[in-house]
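Novice: Encoded as structure tokens, here's the structure I'll be asking about.
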Amino acid sequence: MLRTIESRRRWGTWALTGGLAPLALLWLAPLYLMAVFATLPDYAIFSPDLPLTPGGNLLENWTFLDDTANFGRAMLNSIGIAAVSTVLSLLLTSMAGYAFARFAFVGKQAAFSLLVASLTVPYAVLIVPQYVLVARDLDLSSTWIAVIVPPLCYSIGVLFMRQTFLSLPQELLDAARIDGAREGRIFFSIALPLVRPSLAALAIILFLASWNNYLWPLLVATQPGARTAPVALGSLIGLNVVPWGALMVGATLLTLPMIVVFIFLQRYFVAGITAGAVK
Amino acid sequence: MGTATRAGIQAPRTGGASASAQSDARGGWRRRRHALAPYWFLLPYFLVFAVFWCWPIIDSALLSLQNTRVNPWAWNLGINWRRLWVDRAFHAALGNTLIIMAIQVPVMLTLATALAVALNSPLLKLRPIYRFAFFAPVVVSDAAYSVVFRVLFNGQFGAVNHAFTALGLPTIDWLQDPNAMLSTVMVAMTWRWTGYNAIILLAGLQSIPRDLYEAAAIDGATPADRFFRITLPLLKPILVFCLVLSVIGTTQLFTEPWLITDRGGPGGGAETLGTYLYKQGFVSMNFGYAAAIAYTIAGMAAVLAALNLMLTRGKQA
Amino acid sequence: MSALGRIAGILSGMAGAAVLTLTAPAMAQSDLKGEITVWSWNVAATALKAVVPDFNKAYPNVKVTVEDLGNQPVYDRGLAGCSAGGINMPDVYSVENHESSVFWARFPDCFLDLKSLDPKEADLLAKFPQFKLTELTVGDKIYAMPWDSGPAVVFYRRDMFEAAGVDPAKIATWDDFIAAGKAVQAKAGPDVKFVSNNTDSISTTWFRILANQAGCAYFDEAGENVTVNQPGCVQALETVKKISDAGLFLNAGWDGSLQAIKANRLAASVYGAWYEGSIRGNAPELSGKWGVFQLPAFAAGGNRAANIGGSSLAIPSSSKNRQAALAFINFALGRPDSQITQLKASGLVPTLPEAIHDPYIQQPQPYWGGQKIWEVVLNTLSQIKPARGTQYFAEADSIADGILVAYMKGNGKSAKETLDEAAEQISAATGLPVAD
């Protein structure tokens, strides 16, 4: 009887692992194609036979990209901005999420409603008034503050961290309060470490949001040499003519840091969740 | 996300209320410091919000009450809001958006749930590879993958039509036929966002204790039973979280239709509220009307989100 | 051209040069100093950069930085900058003609009236053809200087036409064009299409070219009435439908059309003359096999000219170096040889009529079978009819697009009914009345 269960399990493993494979290949196909396109000359990308193997134009495409759009420098800018934004935004959103989750206070419902409401407003309608505010009224155009600070308000992050903090055991926090610990200390030394997996997941999402942010850095990161990577990539697109090969190189490169961040943080947020789930 | 999944995400009255009442009794100064603490925690976020977001929201809302196509801009409370009722292009965009919401969101969440269950299964090997494969689309740049999709779905020589022909199916003009354009957009959206939702759902799944399943297995429950009676109910709060986010995201949908069908496509076959808003605001520079569209989107999203939340609150024990 | 004509041409060219000297800014040339930034997008930026060395010979103390921002970013940043009252704007701003009206209407103070910068500027501007100036003029202010234009011509494959026995010189009307198309397709086989319908994000390109040819547009020249259902437009739309019904269209956009050209699956293309560089760059191996001819007329002897596309240069009011900026645009756009430099650098079609006398225009072009294509193109400039886009252009185009797509697919309505519907919807969207 054991052998039947054993073999059923093995059959199940093979079926699941194998069955998922075509789907995963289908999912990865566009990414593979993107990398292949990066190595092709422009006209080959739209050819009737789908090019499946890499060509020899990678260096040429990269040279065009870097010469025209100073892409190397733009990548560094993006990495710097995204790193700083992620850390700061993690701080802001986790603190706000903690407040909503663990405290009762006057105005809580109103503040929370405001938060959720702000999520529903499409960003496109806010960006020009925001730019006018920052550039004309606050006189902050082309500064690092203008580039980094406004996007820190990522309301999904607050909701996510609130959700996470709701699961913390009250006894742990109360014990620290009885010991006389200040709220700030409780937050940083006890609460935050407990939710490390969620912080890792949120870090990925925040990094992604900052990394792919296009319109705002276009308008405010205007100093020479301060351009971010998506904006640099967008500058390649002319009226009708688009250098697709160079664009693909840029897009593939744009993907790499995200993949690095994901691989690095992946082990935290998946492995750790089961460990951290306390009843 | 842990055991918070069972607490749900509705009213913010869960968590530490009762316990903090106990510690409040312990002394005036500590009580005051404790009472002020939440405000300190909220301060950084809401300070940035107050400085950089409050006025733009108010300003754009006020713009919706002005006629911004004359010089100087003139107050005209109804001009933009009235136009929404008679604007055929707006109705078409609204229709497309609702179609996408009705079809794509359920399909994607079903797929994401199935994927999450598969990724969670102890039977699965090569888990990190699969996790990466399905999450990778989220990190790819919009401009890049939309070109790839345009090549794949090209009416004349795209790979998708090649495959269709090989299977004996008629070819479809994915990018130019008004009826097919929405489908192309939906396929692209599903490709991109299923993994994202699957990872979130996976986190939820991993917080469901294994002993529940073991107990059920001993009682003779079939895998289907286990899924529908244990997994799904416990997953519901996170599923609702994903649903609400997806609905809100779909009301604002811009990137996929804009980039894949090139600005909504010939004939506006893939025009969504998001692309129409962009055109009114950024191309025609009719800021007042764009604002009216935007706050209609916001209102719709809020109503739909509230509906979704109410649907789950009712079922909470 | 007759000897008399040639002499007249030279004389007018000299007179033009004389006028140009007289219209140079009163300030001595080497006095001008400062730094100016110019915003533009890829091939256009390349063209301007090509002019900078010559400019600096005349104005050694003016430093010019041409920034290649991409087409959409220039527009977006201009929008944001003007909204903020003129912050972070360059000294010279590139703007496409059909997108310019919305800037002048929405932000009348964001850009300078060029005529106010120098008393002689008006004379220089008057040398440009009316069809370029219409959209840059609001009342008595001219907000930008015409740069390049898009006179529409037919690009065709000589060998494919020859094989079918079609002589392009005999194609005088659109009916002739359709007949030629059928002949070429019959001979070339089922894989080859006669002409692309150039449908990218919008399907109205063909309609706009032919409507302009007929002297009709979405709005009248004053920009006060909706005219898209006038007889000229109706005729244009009917013609496009005839071409489509004859099975001559390749349903493709920019990249798809170039791909088809390279794969020998497209026999011709009707587009602005700036398309020349794209054809040549995309398929250099087809050198010698292409040629151009003027648009067929609706009726024998009719108008054979139309315009699609084209840009201009404006000077934002916030510029700190107005005179230097003006000097630059006068130099780059107001002189025939600068326009020829840009033509050679990026294929930008000159708009100054006197440019036709430049030796380069008179040169046979090897890619085009030794034809003097630029002469053919520039000869159409004077017959192009003006059209005012107005600030509502994008919206009208979008509305027309939807309605036209349905018509072209065959919904049983006539062209007149279709355009009446378009006129009604455009009128509702803009508040402008439909012309009778």
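Note on naming: chains are A, B, ... as they come in the structure tokens, residues start from 1 per chain, ligands start from 1 in the order shown.
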May I ask you to extract the residues of chain C within 7 Å of chain B, using only C-alpha atoms, and to give them as a PyMOL selection string?
Specialist: chain C and resi 102+106+200-203+392+394-395+401-402+405
Novice: Output as a PyMOL selection string the set of chain C residues within 8 Å of chain A, with distances taken over only C-alpha atoms.
Specialist: chain C and resi 41-43+68-73+77+80+83-85+87-88+254-256+259+282
Novice: Please identify every residue of chain B that has at least one atom no farther than 7 Å from an atom of chain A, counting only C-alpha atoms, and for each give the shortest atom pair and the distance in Å to one decimal, arranged by chain then increasing number, as a Markdown table.
Specialist:
```
| residue | atom | partner | partner_atom | distance |
| --- | --- | --- | --- | --- |
| B:Met1 | CA | A:Thr164 | CA | 4.6 |
| B:Gly2 | CA | A:Ala277 | CA | 4.7 |
| B:Thr3 | CA | A:Ser167 | CA | 5.4 |
| B:Ala4 | CA | A:Ser167 | CA | 4.3 |
| B:Ile9 | CA | A:Gln163 | CA | 6.6 |
| B:Pro12 | CA | A:Phe100 | CA | 6.9 |
| B:Gly15 | CA | A:Arg102 | CA | 5.6 |
| B:Gly16 | CA | A:Arg102 | CA | 4.8 |
| B:Ala17 | CA | A:Ala104 | CA | 5.8 |
| B:Ala37 | CA | A:Glu183 | CA | 6.6 |
| B:Pro38 | CA | A:Ala99 | CA | 4.9 |
| B:Phe41 | CA | A:Met95 | CA | 5.0 |
| B:Leu42 | CA | A:Ala96 | CA | 4.6 |
| B:Pro44 | CA | A:Leu92 | CA | 6.0 |
| B:Tyr45 | CA | A:Leu92 | CA | 5.1 |
| B:Val48 | CA | A:Pro150 | CA | 6.6 |
| B:Phe49 | CA | A:Cys153 | CA | 6.3 |
| B:Phe52 | CA | A:Pro150 | CA | 5.8 |
| B:Pro56 | CA | A:Pro129 | CA | 5.0 |
| B:Ile57 | CA | A:Leu126 | CA | 6.3 |
| B:Asp59 | CA | A:Pro129 | CA | 6.8 |
| B:Ser60 | CA | A:Leu126 | CA | 6.6 |
| B:Leu123 | CA | A:Thr13 | CA | 4.6 |
| B:Leu124 | CA | A:Thr17 | CA | 5.4 |
| B:Lys125 | CA | A:Thr17 | CA | 5.9 |
| B:Tyr130 | CA | A:Ala24 | CA | 6.6 |
| B:Ala133 | CA | A:Ala24 | CA | 5.8 |
| B:Phe134 | CA | A:Trp27 | CA | 6.4 |
| B:Val139 | CA | A:Met258 | CA | 6.0 |
| B:Val140 | CA | A:Thr255 | CA | 5.3 |
| B:Ser141 | CA | A:Ala251 | CA | 5.9 |
| B:Ala144 | CA | A:Ala251 | CA | 5.5 |
| B:Tyr145 | CA | A:Pro30 | CA | 6.7 |
| B:Val148 | CA | A:Pro30 | CA | 6.2 |
| B:Val151 | CA | A:Phe46 | CA | 6.4 |
| B:Phe157 | CA | A:Pro48 | CA | 4.8 |
| B:Ala159 | CA | A:Leu50 | CA | 6.5 |
| B:Trp191 | CA | A:Trp27 | CA | 6.8 |
| B:Ala203 | CA | A:Val270 | CA | 6.7 |
| B:Gln206 | CA | A:Thr274 | CA | 6.0 |
| B:Ser207 | CA | A:Thr274 | CA | 5.9 |
| B:Ile248 | CA | A:Thr120 | CA | 6.3 |
| B:Gln252 | CA | A:Pro122 | CA | 6.0 |
| B:Tyr278 | CA | A:Ala124 | CA | 6.6 |
| B:Ala290 | CA | A:Val125 | CA | 6.8 |
| B:Ala291 | CA | A:Val125 | CA | 6.0 |
| B:Ala294 | CA | A:Pro122 | CA | 6.1 |
| B:Tyr295 | CA | A:Val121 | CA | 6.6 |
| B:Ala298 | CA | A:Thr120 | CA | 4.6 |
| B:Ala301 | CA | A:Thr120 | CA | 5.8 |
| B:Ala302 | CA | A:Thr120 | CA | 6.3 |
```
Novice: Between C:Val64, C:Ile261, C:Ala267, C:Ala179, which has the minimum distance to Glu162 (chain C) (counting only C-alpha atoms)?
Specialist: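 Counting only C-alpha atoms, the residue closest to Glu162 (chain C) is C:Ala267.
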Novice: Could you work out how far CA of Thr275 (chain B) lies from CA of Thr171 (chain B), giving the answer in Å with one decimal?
Specialist: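 If I compute the distance from CA of Thr171 (chain B) to CA of Thr275 (chain B), I get 27.3 Å.
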Novice: Could you jot down the CA of Trp55 (chain B) to CA of Leu273 (chain B) separation for me, Å, one decimal place?
Specialist: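 Computed distance, CA of Trp55 (chain B) to CA of Leu273 (chain B), equals 23.6 Å.
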Novice: For region 421-429 of chain C, list every protein, DNA or RNA residue within 8 Å, evaluated using only C-alpha atoms, and leave out those in the same chain fewer than 5 positions away; present the list as a list in words.
Specialist: Asp87 of chain B; Val226, Thr227, Val228, Asn229, Glu395, Ala396, Ile399, Ala400, Ile403 and Val434 of chain C
Novice: Could you write out the selected residues, including N, CA and C atoms, as a PDB file, in the first residue's frame?
Specialist:
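Everything below was put into selection_20.pdb:
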```pdb
ATOM      1  N   ASP B  87     -20.976  62.216 -24.660  1.00  0.00           N
ATOM      2  CA  ASP B  87     -19.761  61.965 -25.430  1.00  0.00           C
ATOM      3  C   ASP B  87     -19.682  60.497 -25.835  1.00  0.00           C
TER       4      ASP B  87
ATOM      5  N   VAL C 226     -17.004  73.436 -38.816  1.00  0.00           N
ATOM      6  CA  VAL C 226     -16.622  72.066 -39.142  1.00  0.00           C
ATOM      7  C   VAL C 226     -16.952  71.825 -40.608  1.00  0.00           C
ATOM      8  N   THR C 227     -15.961  71.390 -41.379  1.00  0.00           N
ATOM      9  CA  THR C 227     -16.168  71.276 -42.834  1.00  0.00           C
ATOM     10  C   THR C 227     -15.882  69.877 -43.352  1.00  0.00           C
ATOM     11  N   VAL C 228     -15.821  68.896 -42.474  1.00  0.00           N
ATOM     12  CA  VAL C 228     -15.367  67.580 -42.916  1.00  0.00           C
ATOM     13  C   VAL C 228     -16.369  66.912 -43.853  1.00  0.00           C
ATOM     14  N   ASN C 229     -17.589  67.440 -43.928  1.00  0.00           N
ATOM     15  CA  ASN C 229     -18.548  66.807 -44.842  1.00  0.00           C
ATOM     16  C   ASN C 229     -18.763  67.617 -46.116  1.00  0.00           C
ATOM     17  N   GLU C 395      -8.672  65.731 -31.424  1.00  0.00           N
ATOM     18  CA  GLU C 395      -9.976  65.148 -31.118  1.00  0.00           C
ATOM     19  C   GLU C 395     -10.763  64.855 -32.401  1.00  0.00           C
ATOM     20  N   ALA C 396     -10.738  65.813 -33.337  1.00  0.00           N
ATOM     21  CA  ALA C 396     -11.456  65.608 -34.598  1.00  0.00           C
ATOM     22  C   ALA C 396     -10.892  64.404 -35.331  1.00  0.00           C
ATOM     23  N   ILE C 399     -12.114  61.214 -33.685  1.00  0.00           N
ATOM     24  CA  ILE C 399     -13.511  60.931 -34.003  1.00  0.00           C
ATOM     25  C   ILE C 399     -13.625  60.418 -35.433  1.00  0.00           C
ATOM     26  N   ALA C 400     -12.943  61.108 -36.341  1.00  0.00           N
ATOM     27  CA  ALA C 400     -13.001  60.696 -37.750  1.00  0.00           C
ATOM     28  C   ALA C 400     -12.462  59.284 -37.905  1.00  0.00           C
ATOM     29  N   ILE C 403     -15.025  56.598 -37.121  1.00  0.00           N
ATOM     30  CA  ILE C 403     -16.107  56.541 -38.104  1.00  0.00           C
ATOM     31  C   ILE C 403     -15.596  56.031 -39.434  1.00  0.00           C
ATOM     32  N   VAL C 434     -21.396  73.158 -37.751  1.00  0.00           N
ATOM     33  CA  VAL C 434     -21.095  72.524 -39.034  1.00  0.00           C
ATOM     34  C   VAL C 434     -21.381  73.524 -40.131  1.00  0.00           C
TER      35      VAL C 434
END
```
Novice: List the spatial neighbours of Lys242 (chain C) as a ChimeraX atom specification - criterion: any atom at most 10 Å away, only C-alpha atoms, same-chain residues fewer than 5 positions off excluded.
Specialist: /C:174-175,178,236-237,247-248,408
Novice: Using only C-alpha atoms, determine which residues lie at most 9 Å from Ser278 (chain C), disregarding the query and same-chain residues fewer than 5 positions distant; provide the list as a PyMOL selection string.
Specialist: (chain A and resi 241) or (chain C and resi 258+283+347)
Novice: Looking at only C-alpha atoms, which of B:Thr190, B:Asn197, B:Asn161, B:Thr222 is the one that sits closest to Ile103 (chain B)?
Specialist: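 Closest to Ile103 (chain B) of all the choices is B:Thr190.
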Novice: Would you kindly return, as a PyMOL selection string, each protein, DNA or RNA residue with an atom no farther than 9 Å from any atom of region 337-345 of chain C, considering only C-alpha atoms and excluding same-chain residues fewer than 6 positions away?
Specialist: chain C and resi 43-44+46-51+54+147-148+331+351-352+355+358+360-361
Novice: Residues of the last selection are to be written out with N, CA and C atoms, as a CSV table (one decimal), in the first residue's frame.
Specialist:
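Written output follows (result.csv):
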```csv
chain,number,residue,atom,x,y,z
C,43,VAL,N,15.8,62.4,-35.9
C,43,VAL,CA,16.4,62.9,-37.2
C,43,VAL,C,16.3,64.4,-37.3
C,44,ALA,N,15.3,65.0,-36.6
C,44,ALA,CA,15.2,66.4,-36.7
C,44,ALA,C,16.4,67.1,-35.9
C,46,THR,N,19.3,65.7,-35.4
C,46,THR,CA,20.5,65.5,-36.3
C,46,THR,C,20.6,66.6,-37.3
C,47,ALA,N,19.4,67.0,-37.9
C,47,ALA,CA,19.5,68.0,-39.0
C,47,ALA,C,19.9,69.3,-38.4
C,48,LEU,N,19.4,69.7,-37.2
C,48,LEU,CA,19.8,71.0,-36.6
C,48,LEU,C,21.2,71.0,-36.3
C,49,LYS,N,21.7,69.8,-35.7
C,49,LYS,CA,23.1,69.8,-35.3
C,49,LYS,C,24.0,70.0,-36.6
C,50,ALA,N,23.5,69.6,-37.7
C,50,ALA,CA,24.3,69.7,-38.9
C,50,ALA,C,24.5,71.2,-39.3
C,51,VAL,N,23.5,72.0,-38.9
C,51,VAL,CA,23.6,73.4,-39.3
C,51,VAL,C,24.4,74.2,-38.3
C,54,ASP,N,27.9,75.9,-39.4
C,54,ASP,CA,27.8,77.0,-40.2
C,54,ASP,C,27.3,78.2,-39.5
C,147,TRP,N,9.5,74.9,-40.7
C,147,TRP,CA,10.8,74.2,-40.7
C,147,TRP,C,10.8,73.3,-41.9
C,148,ASP,N,10.2,72.1,-41.8
C,148,ASP,CA,10.2,71.2,-42.9
C,148,ASP,C,8.7,70.9,-43.2
C,331,PHE,N,18.7,81.5,-39.2
C,331,PHE,CA,19.8,81.0,-39.9
C,331,PHE,C,19.5,79.6,-40.4
C,351,THR,N,11.2,74.0,-47.0
C,351,THR,CA,9.9,74.7,-47.2
C,351,THR,C,10.0,76.0,-47.9
C,352,LEU,N,11.3,76.5,-47.9
C,352,LEU,CA,11.5,77.8,-48.7
C,352,LEU,C,11.4,77.5,-50.2
C,355,ALA,N,14.6,77.3,-52.3
C,355,ALA,CA,15.5,76.2,-52.2
C,355,ALA,C,15.6,75.3,-53.4
C,358,ASP,N,18.7,75.3,-55.6
C,358,ASP,CA,20.0,74.8,-55.1
C,358,ASP,C,20.5,73.6,-56.0
C,360,TYR,N,21.8,70.9,-55.4
C,360,TYR,CA,21.5,69.6,-54.9
C,360,TYR,C,20.1,69.1,-55.3
C,361,ILE,N,19.2,70.1,-55.4
C,361,ILE,CA,17.9,69.7,-55.8
C,361,ILE,C,17.9,69.3,-57.3
```
Novice: Between CA of Ala332 (chain C) and CA of Asp67 (chain A), measure the distance and give it in Å to one decimal.
Specialist: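 Between CA of Ala332 (chain C) and CA of Asp67 (chain A) the gap is 24.6 Å.
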Novice: As a PyMOL selection string, please: all residues of region 55-85 of chain C that backbone DSSP puts in alpha helix (DSSP H).
Specialist: chain C and resi 55-58+71-83
Novice: Quick one: write out the picked residues with N, CA and C atoms as a PDB file, in the first residue's frame?
Specialist:
```
ATOM      1  N   PHE C  55      26.365  77.964 -38.569  1.00  0.00           N
ATOM      2  CA  PHE C  55      25.802  79.029 -37.746  1.00  0.00           C
ATOM      3  C   PHE C  55      26.903  79.687 -36.920  1.00  0.00           C
ATOM      4  N   ASN C  56      27.766  78.849 -36.360  1.00  0.00           N
ATOM      5  CA  ASN C  56      28.819  79.401 -35.514  1.00  0.00           C
ATOM      6  C   ASN C  56      29.863  80.185 -36.300  1.00  0.00           C
ATOM      7  N   LYS C  57      29.946  79.921 -37.605  1.00  0.00           N
ATOM      8  CA  LYS C  57      30.859  80.756 -38.392  1.00  0.00           C
ATOM      9  C   LYS C  57      30.341  82.179 -38.446  1.00  0.00           C
ATOM     10  N   ALA C  58      29.016  82.296 -38.533  1.00  0.00           N
ATOM     11  CA  ALA C  58      28.436  83.640 -38.589  1.00  0.00           C
ATOM     12  C   ALA C  58      28.280  84.244 -37.196  1.00  0.00           C
ATOM     13  N   ASN C  71      10.361  62.493 -29.505  1.00  0.00           N
ATOM     14  CA  ASN C  71       9.236  63.296 -29.980  1.00  0.00           C
ATOM     15  C   ASN C  71       8.205  63.569 -28.901  1.00  0.00           C
ATOM     16  N   GLN C  72       7.736  62.511 -28.237  1.00  0.00           N
ATOM     17  CA  GLN C  72       6.709  62.688 -27.217  1.00  0.00           C
ATOM     18  C   GLN C  72       7.202  63.487 -26.029  1.00  0.00           C
ATOM     19  N   PRO C  73       8.428  63.213 -25.535  1.00  0.00           N
ATOM     20  CA  PRO C  73       8.916  63.996 -24.396  1.00  0.00           C
ATOM     21  C   PRO C  73       8.978  65.495 -24.659  1.00  0.00           C
ATOM     22  N   VAL C  74       9.331  65.894 -25.872  1.00  0.00           N
ATOM     23  CA  VAL C  74       9.355  67.329 -26.149  1.00  0.00           C
ATOM     24  C   VAL C  74       7.963  67.908 -25.938  1.00  0.00           C
ATOM     25  N   TYR C  75       6.959  67.216 -26.452  1.00  0.00           N
ATOM     26  CA  TYR C  75       5.571  67.670 -26.309  1.00  0.00           C
ATOM     27  C   TYR C  75       5.157  67.706 -24.840  1.00  0.00           C
ATOM     28  N   ASP C  76       5.433  66.605 -24.118  1.00  0.00           N
ATOM     29  CA  ASP C  76       5.017  66.526 -22.711  1.00  0.00           C
ATOM     30  C   ASP C  76       5.686  67.593 -21.868  1.00  0.00           C
ATOM     31  N   ARG C  77       6.997  67.774 -22.092  1.00  0.00           N
ATOM     32  CA  ARG C  77       7.695  68.765 -21.282  1.00  0.00           C
ATOM     33  C   ARG C  77       7.260  70.180 -21.653  1.00  0.00           C
ATOM     34  N   GLY C  78       6.919  70.382 -22.919  1.00  0.00           N
ATOM     35  CA  GLY C  78       6.400  71.689 -23.306  1.00  0.00           C
ATOM     36  C   GLY C  78       5.070  71.964 -22.620  1.00  0.00           C
ATOM     37  N   LEU C  79       4.224  70.959 -22.612  1.00  0.00           N
ATOM     38  CA  LEU C  79       2.923  71.060 -21.940  1.00  0.00           C
ATOM     39  C   LEU C  79       3.105  71.423 -20.479  1.00  0.00           C
ATOM     40  N   ALA C  80       3.975  70.658 -19.790  1.00  0.00           N
ATOM     41  CA  ALA C  80       4.182  70.893 -18.360  1.00  0.00           C
ATOM     42  C   ALA C  80       4.830  72.251 -18.125  1.00  0.00           C
ATOM     43  N   GLY C  81       5.827  72.555 -18.939  1.00  0.00           N
ATOM     44  CA  GLY C  81       6.530  73.825 -18.757  1.00  0.00           C
ATOM     45  C   GLY C  81       5.619  75.022 -18.949  1.00  0.00           C
ATOM     46  N   CYS C  82       4.781  74.958 -19.979  1.00  0.00           N
ATOM     47  CA  CYS C  82       3.854  76.074 -20.206  1.00  0.00           C
ATOM     48  C   CYS C  82       2.818  76.148 -19.085  1.00  0.00           C
ATOM     49  N   SER C  83       2.374  74.981 -18.594  1.00  0.00           N
ATOM     50  CA  SER C  83       1.418  74.980 -17.490  1.00  0.00           C
ATOM     51  C   SER C  83       1.992  75.657 -16.269  1.00  0.00           C
TER      52      SER C  83
END
```
Novice: I want to know what sits within 10 Å of Glu285 (chain C), based on only C-alpha atoms, with residues of the same chain fewer than 4 positions away left out; could you give that as a short mmCIF file (atom, residue, chain, number, x, y, z; two decimals) with N, CA and C atoms, in the first residue's frame?
Specialist:
```
data_model
loop_
_atom_site.label_atom_id
_atom_site.label_comp_id
_atom_site.auth_asym_id
_atom_site.auth_seq_id
_atom_site.Cartn_x
_atom_site.Cartn_y
_atom_site.Cartn_z
N LYS C 262 10.88 45.94 -48.05
CA LYS C 262 12.15 45.21 -48.10
C LYS C 262 11.97 43.80 -48.66
N ARG C 280 14.91 54.51 -48.36
CA ARG C 280 16.30 54.33 -48.77
C ARG C 280 17.11 53.64 -47.67
N GLY C 281 16.92 54.08 -46.44
CA GLY C 281 17.68 53.52 -45.33
C GLY C 281 17.28 52.09 -45.02
N LYS C 289 15.75 51.11 -58.14
CA LYS C 289 14.48 50.51 -58.53
C LYS C 289 13.29 51.37 -58.16
N TYR C 367 19.48 56.41 -56.08
CA TYR C 367 18.53 55.43 -55.52
C TYR C 367 17.22 55.46 -56.29
#
```
Novice: For the structure I just gave you, how does DSSP split region 103-156 of chain C - specifically, which residues are strand (DSSP E)? Reply as a VMD selection string.
Specialist: chain C and resid 137 to 138 141 to 142 144 to 156
Novice: Since we have the selection now, will you write its residues out, keeping N, CA and C atoms, as a JSON list (two decimals), in the first residue's frame?
Specialist:
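Below you can see again.json, which holds the result:
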```json
[["chain", "number", "residue", "atom", "x", "y", "z"],
["C", 137, "THR", "N", -0.14, 80.89, -37.21],
["C", 137, "THR", "CA", -0.60, 82.27, -37.09],
["C", 137, "THR", "C", -1.88, 82.32, -36.28],
["C", 138, "VAL", "N", -1.90, 83.20, -35.29],
["C", 138, "VAL", "CA", -3.13, 83.43, -34.53],
["C", 138, "VAL", "C", -3.37, 84.94, -34.55],
["C", 141, "LYS", "N", -0.39, 87.43, -34.83],
["C", 141, "LYS", "CA", 0.86, 86.93, -34.24],
["C", 141, "LYS", "C", 1.29, 85.67, -34.97],
["C", 142, "ILE", "N", 2.58, 85.56, -35.18],
["C", 142, "ILE", "CA", 3.12, 84.33, -35.75],
["C", 142, "ILE", "C", 4.03, 83.72, -34.69],
["C", 144, "ALA", "N", 5.70, 80.71, -34.62],
["C", 144, "ALA", "CA", 6.83, 79.83, -34.94],
["C", 144, "ALA", "C", 7.21, 80.00, -36.39],
["C", 145, "MET", "N", 8.42, 79.55, -36.71],
["C", 145, "MET", "CA", 8.88, 79.62, -38.08],
["C", 145, "MET", "C", 8.76, 78.24, -38.73],
["C", 146, "PRO", "N", 8.23, 78.18, -39.95],
["C", 146, "PRO", "CA", 8.12, 76.90, -40.64],
["C", 146, "PRO", "C", 9.49, 76.25, -40.82],
["C", 147, "TRP", "N", 9.52, 74.94, -40.68],
["C", 147, "TRP", "CA", 10.79, 74.22, -40.74],
["C", 147, "TRP", "C", 10.79, 73.28, -41.94],
["C", 148, "ASP", "N", 10.23, 72.10, -41.76],
["C", 148, "ASP", "CA", 10.17, 71.20, -42.90],
["C", 148, "ASP", "C", 8.71, 70.92, -43.20],
["C", 149, "SER", "N", 8.46, 70.30, -44.32],
["C", 149, "SER", "CA", 7.08, 70.00, -44.65],
["C", 149, "SER", "C", 6.97, 68.58, -45.20],
["C", 150, "GLY", "N", 5.77, 68.19, -45.52],
["C", 150, "GLY", "CA", 5.55, 66.82, -45.98],
["C", 150, "GLY", "C", 4.74, 66.78, -47.25],
["C", 151, "PRO", "N", 5.26, 67.34, -48.35],
["C", 151, "PRO", "CA", 4.50, 67.29, -49.59],
["C", 151, "PRO", "C", 4.32, 65.84, -50.01],
["C", 152, "ALA", "N", 3.10, 65.45, -50.29],
["C", 152, "ALA", "CA", 2.83, 64.04, -50.57],
["C", 152, "ALA", "C", 3.10, 63.74, -52.03],
["C", 153, "VAL", "N", 3.76, 62.60, -52.23],
["C", 153, "VAL", "CA", 4.02, 62.11, -53.58],
["C", 153, "VAL", "C", 3.79, 60.60, -53.57],
["C", 154, "VAL", "N", 3.83, 60.03, -54.76],
["C", 154, "VAL", "CA", 3.74, 58.57, -54.86],
["C", 154, "VAL", "C", 5.13, 58.02, -55.08],
["C", 155, "PHE", "N", 5.60, 57.19, -54.18],
["C", 155, "PHE", "CA", 6.86, 56.47, -54.36],
["C", 155, "PHE", "C", 6.50, 55.15, -55.05],
["C", 156, "TYR", "N", 7.21, 54.77, -56.09],
["C", 156, "TYR", "CA", 6.81, 53.54, -56.77],
["C", 156, "TYR", "C", 8.02, 52.71, -57.19]]
```
